[in-house]
2 protein chains.
Amino acid sequence: MKRIFIHDVVPRDGLQNENQFIPTHQKIELINQLSEAGIDKIEVTSFVSPKAIPNLKDAEEVMKGINRKPGVTYSALVPNLKGAERALRCSVDEINLVVSVSDSHNLKNIRRTTAQTFEGFEEIMRYLSNENILVNGSLGTSFGCPFEGEIPEEKVLQLIDRYLELGVNGITLADTTGMATPSQVYQLAKTVLDHWSELPLTLHFHNTRGMGLANVNEGIRAGVTRFDASLGGIGGCPFAPGASGNICTEDLVHMLLFMGYNVRADLDRLINTANYLQANVAHDLPGQIIKAGKITDLHSTSEI
Amino acid sequence: MKRIFIHDVVPRDGLQNENQFIPTHQKIELINQLSEAGIDKIEVTSFVSPKAIPNLKDAEEVMKGINRKPGVTYSALVPNLKGAERALRCSVDEINLVVSVSDSHNLKNIRRTTAQTFEGFEEIMRYLSNENILVNGSLGTSFGCPFEGEIPEEKVLQLIDRYLELGVNGITLADTTGMATPSQVYQLAKTVLDHWSELPLTLHFHNTRGMGLANVNEGIRAGVTRFDASLGGIGGCPFAPGASGNICTEDLVHMLLFMGYNVRADLDRLINTANYLQANVAHDLPGQIIKAGKITDLHSTSEI
C-alpha cells in the first residue's frame, strides 16, 4: 500500500498556542519521543522573535537539545533573515517559510502584505543559496480566509509558482483556520499535482469544523502523500475557542494504519507520547484515540 | 447535485445516554425544532421498557405531543411486540428494529442472541402485516464489534437478507462503537448496493475515533444517500468516555452543504436548535460548528 509521510507540528504549531509556557526539557522530551515513534518530519520550533511568541523563546535550546534520529527531518519555521541565521547555526535540516495567500490574513498575522513577505523570502533564499539546507514553502489560508472568505485557486497556483522560482524544495498548502471541505481539497490538490506532478506537496489541515480526516482522505485520493498533524490535536484557531485544533497525529496515524496505508510511525508509541503531552498541558486534548483506544482494543463483555 | 437525506437520532440515541432525564416538554420542543429545520427523518423515541431506559419513559407523551410536519418521517425504535403495539397506538410513521450482527454485543445489549432477536422480529412483522406502517431494519456493530473485533462482510449480507425476507422497507448499517474506517465503509456499502441496488440504505456512524465525516464521504462515494446523525454529536459509546458520540447533525449538514450537496435541512435553524440543546444538557456538546461557526461566518481583522 501507498506510503504516507507524517509531519508532526506539535512542538511549533501546537505549543505556540498554549496558555502556559512548556518547559524546555519537556519540549525536548516530547520531540525525542516523536522521533522514536517514527514520525517522518518534526517541526521543532520557530526562530521568531521571543516577543512575538514567548512560548518558543527557547528555540535554540530545544533545537540543540534534542536527539537527531537519522531518517527524521527536523524543520523549523523561519520568518526572516535573522531567523534563517539562527536556524543555520542550529543546523536544522529544513527551513519552513510561511506566508498567507490572503493579504488581510498575512497583514493581521505579521503586518506585511503577501508581496512584501515574498521580498523577505528572496533575501532569505539568497542568504541560503550556498548552504546545504532544505527549504519548504507554506501557504496559509490556501483553502479560505477568515476575513476574505473564498480564496481563488489561481492565487494559490501563482504563489506556488513564486515559491518554486525562489528554489524551495517542497510546498505546503495550509488550511489555517479549518475552512477546507473534502471536495475542495480534492479539487485543489489535483489541480496542483496536475501542474507540478513531481512536487513534494504537503497538506496541513485543522479539524476546526470536524472535516480534518475527511480532508486527508480526499488529499490522498488526489495523490498527496504528506500530511501535517499535531500530537493530541492541539494548536487551534483563535476564532474558534473550544473547537478542535490541528488534525490529531495519533488519530490520523490510527486511521491510515487501519485503512492499510504504509505509515512508518508506531501508533502505540504515539499514544504514549500523547499521554505524556496530556500530562503536561492544563486542558483536555482534542484527540479521540487517547480516549477511545484503537479499533483493535477489544473489551470484555463483563466490563460494563 | 445529489440529494442527501438526514435522519436525526438525537431524541432517541442521543438523549437515552444522558445522565439526566430531559423533561418531556424539552424533548417535544427539540423535535419540533428539528422538524422545522427540515430534517428528513427523526427517531423520536424508543418504545422500550422504562426500566431499561428511564430517560425514554415518556415515549407516548413525546410521540403524541410533537407537531407532525408533512414530509418528515417520524420513527421510533421498537424492541419487541409490546413496543410495536405501543408504537402503533401512537401512529409512528416508521418502526426501527435493531439487532447487532455480533452475538456477543447483542447478548450484552438485550440478553438474546442475534437469531433469537430475529425470531422476535418475525412475530412483530406478522403483527404489523396488515398495518400501514414502514419498518426499517438496523444492524448494529456492522463495521466491528468491541468484544469480537472484525465482523465478516458475509455475516452482514446474510442478516440484510434475513431482514428483507421479513419485509422491511429499508436497512441501516450502524457503526455502534465507532470502529468503521473510510475504506471499509466504501467497501461494505458498495458490496451491499451491488447486491441490492434499489435498497434504501442508511449509514449510522459514530465519531468515536474521529473518522465520522470521512466515513460519510466514503458512503456517498459508494452511492449511499441517507445518513443518521445526532444533533450536537451526543450519544456516545460506553467504552469511550470523553470521546465524541454519534456524528453531529449540524457538522454533517455544514459539510454537505459546502460540498454542494442538496440537503433540505436549514443549517442556521439546526445551529439554533443545537444551542437550545446545549442549554438543556449539563455538558459540552462535541459538535464543532456551534463553537467554530460556519465557513462563511467571516471575521473582522480588528476582532483579535
# chains A, B, ... in the order shown; residues from 1 in each chain; ligands from 1
call {"tool": "residues_around", "arguments": {"residues": "A:Leu30", "least_positions_apart": "6", "cutoff": "8 Å", "atoms": "only C-alpha atoms", "output": "NGL selection string"}}
result
:A and (11 or 273 or 276-277)
call {"tool": "interface_residues", "arguments": {"of": "chain A", "to": "chain B", "cutoff": "7 Å", "atoms": "only C-alpha atoms", "output": "PyMOL selection string"}}
result
chain A and resi 108+146-147+149+179+181+183+208-211+213-214+239-243+251+255+258-259+288-289+291-292+295-296+298-301
call {"tool": "select_by_dssp", "arguments": {"residues": "stretch 105-174 of chain B", "states": "helix (DSSP H, G or I)", "output": "JSON list (two decimals) with C-alpha atoms, in the first residue's frame"}}
result
[["chain", "number", "residue", "atom", "x", "y", "z"],
["B", 105, "HIS", "CA", -22.79, -7.48, 21.53],
["B", 106, "ASN", "CA", -26.44, -8.42, 21.12],
["B", 107, "LEU", "CA", -26.35, -10.63, 24.21],
["B", 108, "LYS", "CA", -24.73, -7.87, 26.18],
["B", 109, "ASN", "CA", -27.21, -5.30, 24.88],
["B", 110, "ILE", "CA", -30.52, -7.19, 25.12],
["B", 114, "THR", "CA", -28.98, -12.42, 17.12],
["B", 115, "ALA", "CA", -31.03, -15.44, 15.99],
["B", 116, "GLN", "CA", -33.40, -15.15, 18.97],
["B", 117, "THR", "CA", -33.88, -11.47, 18.22],
["B", 118, "PHE", "CA", -34.85, -12.22, 14.62],
["B", 119, "GLU", "CA", -37.46, -14.69, 15.91],
["B", 120, "GLY", "CA", -38.98, -11.81, 17.85],
["B", 121, "PHE", "CA", -38.87, -9.67, 14.68],
["B", 122, "GLU", "CA", -40.88, -12.34, 12.83],
["B", 123, "GLU", "CA", -43.57, -12.00, 15.44],
["B", 124, "ILE", "CA", -43.53, -8.20, 15.12],
["B", 125, "MET", "CA", -43.72, -8.36, 11.32],
["B", 126, "ARG", "CA", -46.69, -10.78, 11.45],
["B", 127, "TYR", "CA", -48.44, -8.41, 13.84],
["B", 128, "LEU", "CA", -47.76, -5.44, 11.54],
["B", 153, "GLU", "CA", -18.96, -8.86, 5.44],
["B", 154, "GLU", "CA", -20.74, -12.12, 4.68],
["B", 155, "LYS", "CA", -22.48, -12.03, 8.07],
["B", 156, "VAL", "CA", -23.81, -8.52, 7.39],
["B", 157, "LEU", "CA", -25.10, -9.58, 3.97],
["B", 158, "GLN", "CA", -26.85, -12.63, 5.45],
["B", 159, "LEU", "CA", -28.65, -10.51, 8.02],
["B", 160, "ILE", "CA", -29.71, -7.93, 5.43],
["B", 161, "ASP", "CA", -31.18, -10.86, 3.52],
["B", 162, "ARG", "CA", -32.94, -12.05, 6.64],
["B", 163, "TYR", "CA", -34.44, -8.58, 7.21],
["B", 164, "LEU", "CA", -35.54, -8.30, 3.58],
["B", 165, "GLU", "CA", -37.24, -11.70, 3.77],
["B", 166, "LEU", "CA", -39.18, -10.34, 6.73]]
call {"tool": "atom_distance", "arguments": {"atom1": "atom CA of B:Val99", "atom2": "atom CA of B:Gly137"}}
result
8.1 Å
call {"tool": "atom_distance", "arguments": {"atom1": "atom CA of B:Ala274", "atom2": "atom CA of B:Tyr74"}}
result
19.3 Å
call {"tool": "atom_distance", "arguments": {"atom1": "atom CA of A:Gly140", "atom2": "atom CA of A:Leu203"}}
result
10.5 Å
call {"tool": "residues_around", "arguments": {"residues": "A:Gln26", "least_positions_apart": "4", "cutoff": "12 Å", "atoms": "only C-alpha atoms", "output": "MDAnalysis selection string"}}
result
chainID A and resid 11 15 21:22 30:33 58 61:62 65:66 273 276:281
call {"tool": "write_last_selection", "arguments": {"atoms": "N, CA and C atoms", "output": "compact mmCIF listing (two decimals), in the first residue's frame"}}
result
# COMPACT_ATOMS: atom_id res chain seq x y z
N PRO A 11 5.38 20.60 18.28
CA PRO A 11 6.30 21.44 19.08
C PRO A 11 6.24 22.92 18.68
N LEU A 15 2.36 23.95 20.45
CA LEU A 15 2.77 24.58 21.71
C LEU A 15 2.75 26.11 21.67
N PHE A 21 3.69 28.40 29.27
CA PHE A 21 4.99 28.04 28.70
C PHE A 21 5.30 26.59 29.06
N ILE A 22 5.61 25.80 28.05
CA ILE A 22 6.00 24.41 28.31
C ILE A 22 7.52 24.41 28.52
N LEU A 30 9.38 15.59 24.48
CA LEU A 30 8.29 15.38 23.53
C LEU A 30 8.84 15.09 22.13
N ILE A 31 9.78 15.90 21.69
CA ILE A 31 10.35 15.74 20.34
C ILE A 31 11.12 14.43 20.25
N ASN A 32 11.88 14.11 21.28
CA ASN A 32 12.62 12.83 21.26
C ASN A 32 11.66 11.64 21.16
N GLN A 33 10.56 11.73 21.87
CA GLN A 33 9.57 10.65 21.80
C GLN A 33 8.97 10.56 20.40
N ASP A 58 12.68 29.51 23.57
CA ASP A 58 13.80 28.59 23.79
C ASP A 58 14.18 27.83 22.51
N GLU A 61 17.75 26.35 22.39
CA GLU A 61 17.99 25.29 23.37
C GLU A 61 17.29 24.00 22.95
N VAL A 62 16.07 24.15 22.43
CA VAL A 62 15.33 22.96 22.02
C VAL A 62 16.03 22.30 20.83
N GLY A 65 19.11 20.70 21.89
CA GLY A 65 18.98 19.72 22.98
C GLY A 65 18.41 18.38 22.55
N ILE A 66 17.75 18.34 21.41
CA ILE A 66 17.08 17.09 21.00
C ILE A 66 18.08 16.08 20.44
N THR A 273 3.07 8.96 23.80
CA THR A 273 3.59 10.33 23.75
C THR A 273 2.46 11.33 23.93
N TYR A 276 1.81 11.55 27.46
CA TYR A 276 2.84 12.40 28.08
C TYR A 276 2.47 13.88 27.90
N LEU A 277 2.06 14.23 26.68
CA LEU A 277 1.65 15.62 26.41
C LEU A 277 0.46 16.00 27.28
N GLN A 278 -0.53 15.09 27.34
CA GLN A 278 -1.73 15.35 28.14
C GLN A 278 -1.37 15.66 29.59
N ALA A 279 -0.36 14.96 30.10
CA ALA A 279 0.04 15.15 31.49
C ALA A 279 0.72 16.51 31.70
N ASN A 280 1.14 17.15 30.61
CA ASN A 280 1.91 18.39 30.74
C ASN A 280 1.21 19.63 30.23
N VAL A 281 -0.04 19.49 29.79
CA VAL A 281 -0.82 20.69 29.44
C VAL A 281 -2.04 20.73 30.36
